[in-house]
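Have a look at start-v2.txt below; it lists compact mmCIF, C-alpha atoms.
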```txt
# COMPACT_ATOMS: atom_id res chain seq x y z
CA MET A 1 133.16 80.72 95.91
CA ALA A 2 131.64 80.38 99.35
CA GLY A 3 133.62 83.40 100.51
CA PHE A 4 132.36 85.36 97.54
CA MET A 5 128.72 84.59 98.36
CA ASP A 6 129.31 85.34 102.02
CA TYR A 7 130.48 88.78 101.05
CA PHE A 8 127.15 89.49 99.37
CA ARG A 9 125.14 88.09 102.23
CA PHE A 10 127.13 90.24 104.63
CA SER A 11 126.74 93.42 102.61
CA ARG A 12 123.00 92.86 102.27
CA ARG A 13 122.62 92.44 106.01
CA ASN A 14 124.49 95.68 106.48
CA ASN A 15 122.37 97.62 104.02
CA SER A 16 119.67 98.82 106.41
CA ALA A 17 119.03 101.86 104.20
CA ALA A 18 117.67 99.58 101.46
CA VAL A 19 115.31 97.99 103.99
CA ALA A 20 114.21 101.46 105.14
CA LYS A 21 113.53 102.54 101.58
CA GLU A 22 111.45 99.46 100.80
CA ARG A 23 109.40 99.78 103.99
CA LEU A 24 108.82 103.49 103.39
CA GLN A 25 107.71 102.98 99.80
CA ILE A 26 105.10 100.46 100.93
CA ILE A 27 103.71 102.47 103.86
CA VAL A 28 103.73 105.78 102.02
CA ALA A 29 101.90 104.28 99.03
CA HIS A 30 99.34 102.78 101.39
CA GLU A 31 98.81 106.04 103.30
CA ARG A 32 98.49 108.06 100.11
CA GLY A 33 95.79 105.66 98.98
CA VAL A 34 93.84 106.26 102.17
CA ARG A 35 94.45 110.02 101.98
CA HIS A 36 93.10 110.41 98.48
CA GLY A 37 90.14 108.11 99.11
CA PRO A 38 86.82 109.25 100.55
CA ASP A 39 86.62 109.86 104.30
CA TYR A 40 84.41 106.83 104.91
CA LEU A 41 86.99 104.35 103.59
CA PRO A 42 88.73 103.49 106.90
CA MET A 43 85.35 103.09 108.63
CA LEU A 44 84.06 100.91 105.79
CA GLN A 45 87.17 98.77 106.09
CA GLN A 46 86.60 98.31 109.84
CA GLU A 47 82.95 97.37 109.43
CA LEU A 48 83.63 94.96 106.60
CA LEU A 49 86.32 93.38 108.70
CA ALA A 50 83.84 92.95 111.56
CA VAL A 51 81.35 91.19 109.26
CA VAL A 52 83.99 88.87 107.82
CA ARG A 53 85.20 88.04 111.33
CA LYS A 54 81.79 86.65 112.24
CA TYR A 55 82.66 83.75 109.95
CA VAL A 56 86.43 83.67 109.51
CA GLN A 57 89.20 84.95 111.74
CA VAL A 58 91.21 87.36 109.62
CA SER A 59 93.64 89.97 110.84
CA ASP A 60 93.71 93.64 109.88
CA GLU A 61 96.38 93.27 107.24
CA HIS A 62 94.43 90.61 105.38
CA ILE A 63 91.74 93.01 104.25
CA LYS A 64 92.38 95.81 101.77
CA VAL A 65 89.82 98.36 100.66
CA THR A 66 90.98 100.67 97.90
CA MET A 67 89.32 103.24 95.72
CA ASP A 68 90.70 103.60 92.22
CA LYS A 69 89.77 105.80 89.33
CA ASP A 70 89.34 103.95 86.07
CA GLY A 71 88.47 106.50 83.44
CA GLU A 72 85.08 107.88 84.40
CA TYR A 73 84.38 105.13 86.92
CA GLU A 74 85.47 104.90 90.49
CA VAL A 75 86.22 101.35 91.44
CA LEU A 76 85.87 100.18 95.02
CA GLU A 77 88.12 97.18 95.39
CA LEU A 78 87.73 94.85 98.32
CA ASN A 79 90.44 92.28 98.84
CA ILE A 80 90.29 89.75 101.64
CA SER A 81 92.90 87.04 101.83
CA LEU A 82 91.69 84.15 103.95
CA PRO A 83 94.20 82.53 106.25
CA GLU A 84 95.46 79.04 105.41
CA SER A 85 93.64 77.41 108.34
CA ALA A 86 90.23 78.82 107.33
CA ARG A 87 90.63 77.48 103.81
CA ASN A 88 91.60 74.05 105.13
CA ALA A 89 88.58 73.92 107.41
CA GLN A 90 86.34 74.67 104.47
CA ASP A 91 87.98 72.01 102.30
CA GLY A 92 87.59 69.48 105.07
CA GLU A 93 83.83 69.85 105.19
CA PRO A 94 81.82 67.13 103.42
CA MET B 1 105.23 140.56 95.08
CA THR B 2 105.63 139.09 98.56
CA ARG B 3 106.18 135.35 98.84
CA ILE B 4 105.13 133.44 101.94
CA VAL B 5 107.30 130.40 102.67
CA VAL B 6 106.45 127.84 105.35
CA VAL B 7 109.22 125.76 106.90
CA THR B 8 107.55 122.55 107.98
CA SER B 9 108.17 118.84 108.59
CA GLY B 10 105.58 117.11 110.74
CA LYS B 11 108.25 115.54 112.89
CA GLY B 12 109.98 117.55 115.60
CA GLY B 13 113.70 118.06 116.01
CA VAL B 14 114.60 117.76 112.34
CA GLY B 15 115.82 121.36 111.98
CA LYS B 16 112.84 123.59 111.17
CA THR B 17 113.91 126.50 113.39
CA THR B 18 117.56 126.19 112.38
CA THR B 19 116.43 126.23 108.76
CA SER B 20 114.04 129.17 109.24
CA ALA B 21 116.80 131.22 110.86
CA ALA B 22 119.43 130.24 108.28
CA PHE B 23 117.16 130.62 105.26
CA GLY B 24 115.67 133.95 106.39
CA THR B 25 119.13 135.32 107.14
CA GLY B 26 120.37 134.12 103.73
CA LEU B 27 117.57 135.94 101.93
CA ALA B 28 118.14 139.14 103.94
CA LEU B 29 121.88 139.01 103.21
CA ARG B 30 120.95 139.17 99.54
CA GLY B 31 119.03 142.36 100.17
CA TYR B 32 115.48 141.02 100.40
CA ARG B 33 113.31 142.46 103.14
CA THR B 34 112.64 139.35 105.20
CA VAL B 35 110.64 138.52 108.31
CA VAL B 36 110.76 135.17 110.10
CA ILE B 37 107.66 134.35 112.15
CA ASP B 38 107.66 131.85 115.00
CA PHE B 39 104.36 129.91 115.00
CA ASP B 40 105.20 127.68 117.93
CA VAL B 41 102.85 129.27 120.49
CA GLY B 42 103.85 128.24 124.00
CA LEU B 43 107.19 126.82 122.89
CA ARG B 44 108.89 129.87 121.42
CA ASN B 45 112.47 129.20 120.31
CA LEU B 46 113.23 131.10 117.12
CA ASP B 47 114.23 134.13 119.22
CA LEU B 48 116.84 132.03 121.02
CA VAL B 49 118.25 130.49 117.83
CA MET B 50 118.47 133.96 116.26
CA GLY B 51 119.95 135.56 119.37
CA CYS B 52 117.24 138.13 120.14
CA GLU B 53 115.55 136.44 123.12
CA ARG B 54 116.17 139.38 125.44
CA ARG B 55 114.56 141.86 123.09
CA VAL B 56 111.11 140.24 122.93
CA VAL B 57 108.41 142.55 124.23
CA TYR B 58 105.32 141.98 122.11
CA ASP B 59 104.52 138.86 120.12
CA LEU B 60 102.34 137.57 117.28
CA ILE B 61 99.35 136.94 119.57
CA ASN B 62 99.61 140.48 121.00
CA VAL B 63 99.45 141.84 117.47
CA ILE B 64 96.47 139.63 116.57
CA ASN B 65 94.67 140.75 119.75
CA LYS B 66 95.68 144.37 119.08
CA GLU B 67 97.44 144.63 122.44
CA GLY B 68 100.46 145.93 120.60
CA ASN B 69 101.12 146.93 117.02
CA LEU B 70 103.32 145.29 114.44
CA ASN B 71 106.10 147.86 114.82
CA GLN B 72 106.33 147.10 118.51
CA ALA B 73 106.42 143.34 117.95
CA LEU B 74 108.88 143.15 115.06
CA ILE B 75 112.48 142.71 116.23
CA LYS B 76 115.10 144.09 113.88
CA ASP B 77 118.19 141.89 113.61
CA LYS B 78 121.31 143.72 114.77
CA ARG B 79 123.67 141.97 112.35
CA VAL B 80 121.77 141.78 109.09
CA GLU B 81 120.02 144.67 107.39
CA ASN B 82 116.45 143.90 106.22
CA LEU B 83 115.99 141.00 108.65
CA PHE B 84 113.18 140.95 111.21
CA ILE B 85 111.79 138.43 113.67
CA LEU B 86 108.20 138.15 114.83
CA PRO B 87 108.22 136.01 118.00
CA ALA B 88 105.58 133.59 119.22
CA SER B 89 103.78 134.01 122.49
CA GLN B 90 105.24 131.98 125.34
CA THR B 91 102.23 132.23 127.64
CA ARG B 92 99.04 132.04 125.60
CA ASN B 93 97.33 128.90 124.43
CA LYS B 94 97.38 127.94 120.79
CA GLU B 95 93.75 128.80 120.10
CA ALA B 96 94.64 132.49 120.39
CA LEU B 97 96.11 132.09 116.90
CA THR B 98 92.99 132.75 114.83
CA LEU B 99 92.82 132.52 111.06
CA SER B 100 91.14 135.91 110.59
CA GLY B 101 93.56 137.62 112.98
CA LEU B 102 96.51 136.00 111.25
CA GLU B 103 95.23 137.03 107.83
CA GLU B 104 95.17 140.66 108.92
CA VAL B 105 98.76 140.45 110.22
CA MET B 106 99.88 138.76 106.99
CA GLU B 107 98.31 141.53 104.93
CA SER B 108 100.24 144.20 106.88
CA LEU B 109 103.46 142.19 106.55
CA ARG B 110 102.97 141.84 102.79
CA GLU B 111 103.25 145.63 102.47
CA ARG B 112 106.63 145.71 104.18
CA PHE B 113 108.42 142.51 103.21
CA ASP B 114 109.58 140.56 100.16
CA TYR B 115 109.68 137.25 102.01
CA ILE B 116 107.64 136.05 104.98
CA ILE B 117 109.15 132.87 106.45
CA CYS B 118 106.78 130.88 108.69
CA ASP B 119 108.56 128.61 111.18
CA SER B 120 106.02 125.85 111.82
CA PRO B 121 105.69 123.95 115.08
CA ALA B 122 106.01 120.16 114.92
CA GLY B 123 102.92 118.00 114.57
CA ILE B 124 99.79 118.44 112.50
CA GLU B 125 97.75 120.42 115.02
CA HIS B 126 96.40 123.96 114.92
CA GLY B 127 99.75 125.81 114.99
CA ALA B 128 101.16 123.80 112.09
CA MET B 129 97.97 124.32 110.07
CA MET B 130 98.12 128.09 110.72
CA ALA B 131 101.78 128.25 109.71
CA MET B 132 101.09 126.64 106.33
CA HIS B 133 97.72 128.24 105.61
CA PHE B 134 98.85 131.27 103.59
CA ALA B 135 101.98 129.70 102.11
CA ASP B 136 103.02 130.14 98.49
CA GLU B 137 105.98 127.81 98.88
CA ALA B 138 107.08 125.21 101.42
CA LEU B 139 110.44 123.95 102.59
CA ILE B 140 109.83 120.42 103.82
CA VAL B 141 112.66 119.73 106.25
CA THR B 142 113.41 116.01 106.38
CA ASN B 143 116.04 113.83 108.03
CA PRO B 144 117.17 110.68 106.17
CA GLU B 145 115.35 108.50 108.66
CA VAL B 146 112.09 106.52 108.42
CA SER B 147 109.83 108.44 110.81
CA SER B 148 110.85 111.82 109.41
CA VAL B 149 110.25 110.73 105.79
CA ARG B 150 106.83 109.33 106.62
CA ASP B 151 105.80 112.47 108.51
CA SER B 152 107.01 114.64 105.63
CA ASP B 153 104.78 112.71 103.27
CA ARG B 154 101.85 113.39 105.59
CA ILE B 155 102.66 117.11 105.59
CA ILE B 156 102.94 117.13 101.78
CA GLY B 157 99.40 115.72 101.69
CA MET B 158 98.18 118.53 103.95
CA LEU B 159 99.87 121.23 101.89
CA ALA B 160 97.88 119.90 98.95
CA SER B 161 94.54 119.88 100.77
CA LYS B 162 94.44 122.17 103.82
CA THR B 163 96.07 125.44 102.67
CA GLN B 164 94.39 128.56 101.33
CA ARG B 165 95.73 127.76 97.86
CA ALA B 166 94.14 124.30 98.05
CA GLU B 167 90.82 125.65 99.32
CA ARG B 168 90.64 128.29 96.61
CA GLY B 169 91.78 125.93 93.86
CA ASP B 170 94.76 128.19 93.04
CA THR B 171 98.06 126.81 91.78
CA PRO B 172 99.29 124.46 94.53
CA VAL B 173 101.88 125.40 97.15
CA LYS B 174 105.33 124.95 95.56
CA GLU B 175 107.10 122.26 97.55
CA HIS B 176 110.84 121.91 98.11
CA LEU B 177 112.50 118.99 99.83
CA LEU B 178 115.33 119.97 102.17
CA LEU B 179 117.36 117.13 103.65
CA THR B 180 119.17 117.94 106.89
CA ARG B 181 121.54 116.07 109.21
CA TYR B 182 122.94 114.14 106.26
CA VAL B 183 125.98 111.95 106.84
CA PRO B 184 127.53 110.95 103.48
CA SER B 185 129.78 108.27 105.00
CA ARG B 186 126.77 106.47 106.48
CA VAL B 187 125.00 106.66 103.12
CA THR B 188 128.06 105.06 101.50
CA SER B 189 128.13 102.30 104.10
CA GLY B 190 124.43 101.58 103.50
CA ASP B 191 123.22 102.72 106.90
CA MET B 192 121.46 105.90 105.85
CA LEU B 193 118.88 106.67 103.17
CA SER B 194 120.49 108.61 100.34
CA ALA B 195 119.20 111.95 99.04
CA GLU B 196 118.04 110.12 95.89
CA ASP B 197 116.16 107.54 97.98
CA VAL B 198 114.27 110.18 99.97
CA GLN B 199 113.58 112.25 96.89
CA GLU B 200 112.23 109.17 95.09
CA ILE B 201 109.91 108.27 97.99
CA LEU B 202 108.53 111.77 98.55
CA ALA B 203 108.52 112.70 94.85
CA ILE B 204 109.03 116.45 95.26
CA PRO B 205 112.01 118.47 93.96
CA LEU B 206 115.14 118.50 96.14
CA ILE B 207 116.32 122.03 96.99
CA GLY B 208 119.32 121.06 99.06
CA VAL B 209 121.14 118.73 101.40
CA ILE B 210 122.61 120.05 104.66
CA PRO B 211 125.41 117.88 106.05
CA GLU B 212 125.37 116.93 109.73
CA SER B 213 127.78 119.37 111.33
CA PRO B 214 128.91 120.32 114.83
CA ASP B 215 128.80 123.94 113.63
CA VAL B 216 124.98 123.90 113.76
CA LEU B 217 124.89 123.28 117.52
CA ARG B 218 127.67 125.79 118.04
CA ALA B 219 125.69 128.38 116.09
CA SER B 220 122.47 127.85 118.03
CA ASN B 221 124.42 127.86 121.32
CA SER B 222 125.55 131.38 120.46
CA GLY B 223 122.31 132.55 118.83
CA ILE B 224 123.91 133.07 115.43
CA PRO B 225 122.15 131.78 112.31
CA ILE B 226 124.42 129.23 110.62
CA THR B 227 124.40 131.23 107.35
CA LEU B 228 126.50 133.88 109.13
CA ASP B 229 129.26 131.29 109.65
CA GLU B 230 131.05 131.49 106.31
CA SER B 231 133.50 128.72 107.13
CA SER B 232 130.87 126.10 107.95
CA HIS B 233 129.85 123.55 105.33
CA ALA B 234 126.31 123.54 106.72
CA GLY B 235 126.20 127.34 106.39
CA GLN B 236 127.47 127.16 102.80
CA ALA B 237 124.91 124.46 102.01
CA TYR B 238 122.15 126.78 103.30
CA HIS B 239 123.48 129.59 101.09
CA ASP B 240 123.19 127.17 98.16
CA VAL B 241 119.59 126.47 99.16
CA VAL B 242 118.83 130.22 99.11
CA ALA B 243 120.47 130.52 95.69
CA ARG B 244 118.46 127.60 94.25
CA PHE B 245 115.29 129.00 95.80
CA LEU B 246 115.95 132.25 93.91
CA GLY B 247 116.36 130.30 90.68
CA GLU B 248 120.14 130.01 90.47
CA ASP B 249 121.76 126.80 89.32
CA ARG B 250 124.01 125.36 92.00
CA PRO B 251 125.36 121.81 92.05
CA LEU B 252 124.89 119.84 95.28
CA ARG B 253 127.94 119.99 97.54
CA PHE B 254 129.24 118.10 100.56
CA LEU B 255 127.63 114.83 99.45
CA ASN B 256 130.80 112.86 98.93
CA THR B 257 132.62 110.99 101.60
CA HIS B 258 136.11 112.26 101.97
CA LYS B 259 138.00 109.29 100.62
CA LYS B 260 141.58 109.63 101.59
CA GLY B 261 143.96 108.60 98.85
CA PHE B 262 146.70 106.11 99.49
CA LEU B 263 149.42 108.76 99.54
CA SER B 264 147.61 111.24 101.77
CA ARG B 265 146.80 108.44 104.18
CA PHE B 266 150.41 107.36 104.13
CA PHE B 267 151.72 110.84 104.79
CA GLY B 268 148.91 111.71 107.19
CA GLY B 269 147.66 114.50 104.89
```
Serialized structure, structure tokens:
Amino acid sequence: MAGFMDYFRFSRRNNSAAVAKERLQIIVAHERGVRHGPDYLPMLQQELLAVVRKYVQVSDEHIKVTMDKDGEYEVLELNISLPESARNAQDGEP
Amino acid sequence: MTRIVVVTSGKGGVGKTTTSAAFGTGLALRGYRTVVIDFDVGLRNLDLVMGCERRVVYDLINVINKEGNLNQALIKDKRVENLFILPASQTRNKEALTLSGLEEVMESLRERFDYIICDSPAGIEHGAMMAMHFADEALIVTNPEVSSVRDSDRIIGMLASKTQRAERGDTPVKEHLLLTRYVPSRVTSGDMLSAEDVQEILAIPLIGVIPESPDVLRASNSGIPITLDESSHAGQAYHDVVARFLGEDRPLRFLNTHKKGFLSRFFGG
């Protein structure tokens, strides 16, 4: 049984094409989102990030600004995931 | 009705010039009056790949600047009837390639040719934008490799927003995905993105897959478009691409790894 599982682990490690496909799907989807959004979106993201950083240290990948079309409305979605340490610090406060 | 086809990719070294030469030659062999234009100002190479480098006198920029006329600049291929090459300038800077000047040249070419093939330079700068501007269709040359696929996606976005068709709101540029340097055995072993993978990521129709082949280097060494090498699998795959482009139904070939059977392996067949 162990040998059987090893075979799968081995073949997965060897399948770099699957890794490439997954990485490409993520980056391409992200870049298309930026491309179809308004020109100010990257700038907005940078400035929002700067404001958030005054209070909490977050890295670039923890903030996502996306523009979606929902019927007649355009929805600007802002998603900031706070790092674990920042949340703990907040919890610790009296 | 003349069709303008841009051969583009974003990334360099994926096979744009090889494809332009092979595709243009394939169309001309079928009797279509075809011209292949080199847009790589300063880094001219189509002439070398097509074997007419010693016959270049005037170039695209000369024609735009009216320093020479189109008849003087067009090089007639010595092997294939109906095939012409319009070389890029080797000395000028890229800005000499103006949109209005280019439009005038394109209009004159439309009167004389069925197909105008535009060999784009790499990158997303001026030359690449000029090459795609008047396109009706695009061959997006892509290698099964991450950076090439990502760059192709970028180019697909530009075809949809920066071309004349996009600016005028006409029907969009018709896009075709062409995979080159494909190694079926590496796809089978899981080391290379498959044609299906790339097609799924880029989401445009696949027009063909060209297998990696030593014949391609041999052909460019000698200045002979690979479609003139009947024995080469890569050449045959390009002929299939031309056929599909013209609306014929051709199954994909050369995608399977040559699995040797037990007996043939045993007898060394």
Name all residues at most 8 Å from range 22-36 of chain A (count only C-alpha atoms; drop same-chain ones fewer than 3 positions away) and give them as a short mmCIF file (atom, residue, chain, number, x, y, z; two decimals) with C-alpha atoms, in the frame of the given file.
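See selection-v4.cif below for the written result:
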```cif
data_model
loop_
_atom_site.label_atom_id
_atom_site.label_comp_id
_atom_site.auth_asym_id
_atom_site.auth_seq_id
_atom_site.Cartn_x
_atom_site.Cartn_y
_atom_site.Cartn_z
CA ALA A 18 117.67 99.58 101.46
CA VAL A 19 115.31 97.99 103.99
CA LEU A 41 86.99 104.35 103.59
CA PRO A 42 88.73 103.49 106.90
CA THR A 66 90.98 100.67 97.90
CA MET A 67 89.32 103.24 95.72
CA VAL B 146 112.09 106.52 108.42
CA VAL B 149 110.25 110.73 105.79
CA ARG B 150 106.83 109.33 106.62
CA ASP B 153 104.78 112.71 103.27
CA GLY B 157 99.40 115.72 101.69
CA ILE B 201 109.91 108.27 97.99
#
```
- [ ] Enumerate as a ChimeraX atom specification the residues belonging to chain B that approach chain A to within 10 Å, with all atoms listed in the file taken into account.
- [x] /B:144-147,149-151,153-154,157-158,161,186-194,197-198,200-202
- [ ] Quote the spacing between CA of Ala219 in chain B and CA of Leu83 in chain B in Å to one decimal place.
- [x] 17.6 Å
- [ ] Excluding Ile140 in chain B and residues on its chain fewer than 2 positions from it, collect all residues at most 9 Å away from it, counting only C-alpha atoms, and give them as a count of residues only.
- [x] 16
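Minimum atom-to-atom distance to Leu43 in chain B, evaluated using all atoms listed in the file, belongs to B:Asp119 out of B:Glu111, B:Glu167, B:Glu104, B:Asp119.
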Task: Shell around Gly42 in chain B at 9 Å using only C-alpha atoms, local window under 3 positions removed, as a PyMOL selection string - done: chain B and resi 88-94
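Comparing the minimum interatomic distances between Phe134 in chain B and each of B:Ser120, B:Thr19, B:Ser108, B:Thr163, counting only C-alpha atoms, we find that B:Thr163 sits nearest.
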TODO: Quick one: everything within 9 Å of Pro87 in chain B, counting only C-alpha atoms, minus sequence neighbours fewer than 6 positions away in the same chain. Send it as a PyMOL selection string.
DONE: chain B and resi 36-41+44-47+53+56+58-60+73-75
Dump C-alpha atoms for the selected residues as a PDB file, keeping the file's coordinate frame?
```
ATOM      1  CA  VAL B  36     110.760 135.170 110.100  1.00  0.00           C
ATOM      2  CA  ILE B  37     107.660 134.350 112.150  1.00  0.00           C
ATOM      3  CA  ASP B  38     107.660 131.850 115.000  1.00  0.00           C
ATOM      4  CA  PHE B  39     104.360 129.910 115.000  1.00  0.00           C
ATOM      5  CA  ASP B  40     105.200 127.680 117.930  1.00  0.00           C
ATOM      6  CA  VAL B  41     102.850 129.270 120.490  1.00  0.00           C
ATOM      7  CA  ARG B  44     108.890 129.870 121.420  1.00  0.00           C
ATOM      8  CA  ASN B  45     112.470 129.200 120.310  1.00  0.00           C
ATOM      9  CA  LEU B  46     113.230 131.100 117.120  1.00  0.00           C
ATOM     10  CA  ASP B  47     114.230 134.130 119.220  1.00  0.00           C
ATOM     11  CA  GLU B  53     115.550 136.440 123.120  1.00  0.00           C
ATOM     12  CA  VAL B  56     111.110 140.240 122.930  1.00  0.00           C
ATOM     13  CA  TYR B  58     105.320 141.980 122.110  1.00  0.00           C
ATOM     14  CA  ASP B  59     104.520 138.860 120.120  1.00  0.00           C
ATOM     15  CA  LEU B  60     102.340 137.570 117.280  1.00  0.00           C
ATOM     16  CA  ALA B  73     106.420 143.340 117.950  1.00  0.00           C
ATOM     17  CA  LEU B  74     108.880 143.150 115.060  1.00  0.00           C
ATOM     18  CA  ILE B  75     112.480 142.710 116.230  1.00  0.00           C
TER      19      ILE B  75
END
```
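Between CA of Val5 in chain B and CA of Gly31 in chain B lies a distance of 16.9 Å.
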Task: Answer as an MDAnalysis selection string, residues within 9 Å of (87.9, 99.0, 105.9) using only C-alpha atoms - done: chainID A and resid 40:49 60 63:66 78
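If you look at CA of Gly208 in chain B and CA of Val242 in chain B, they are 9.2 Å away from each other.
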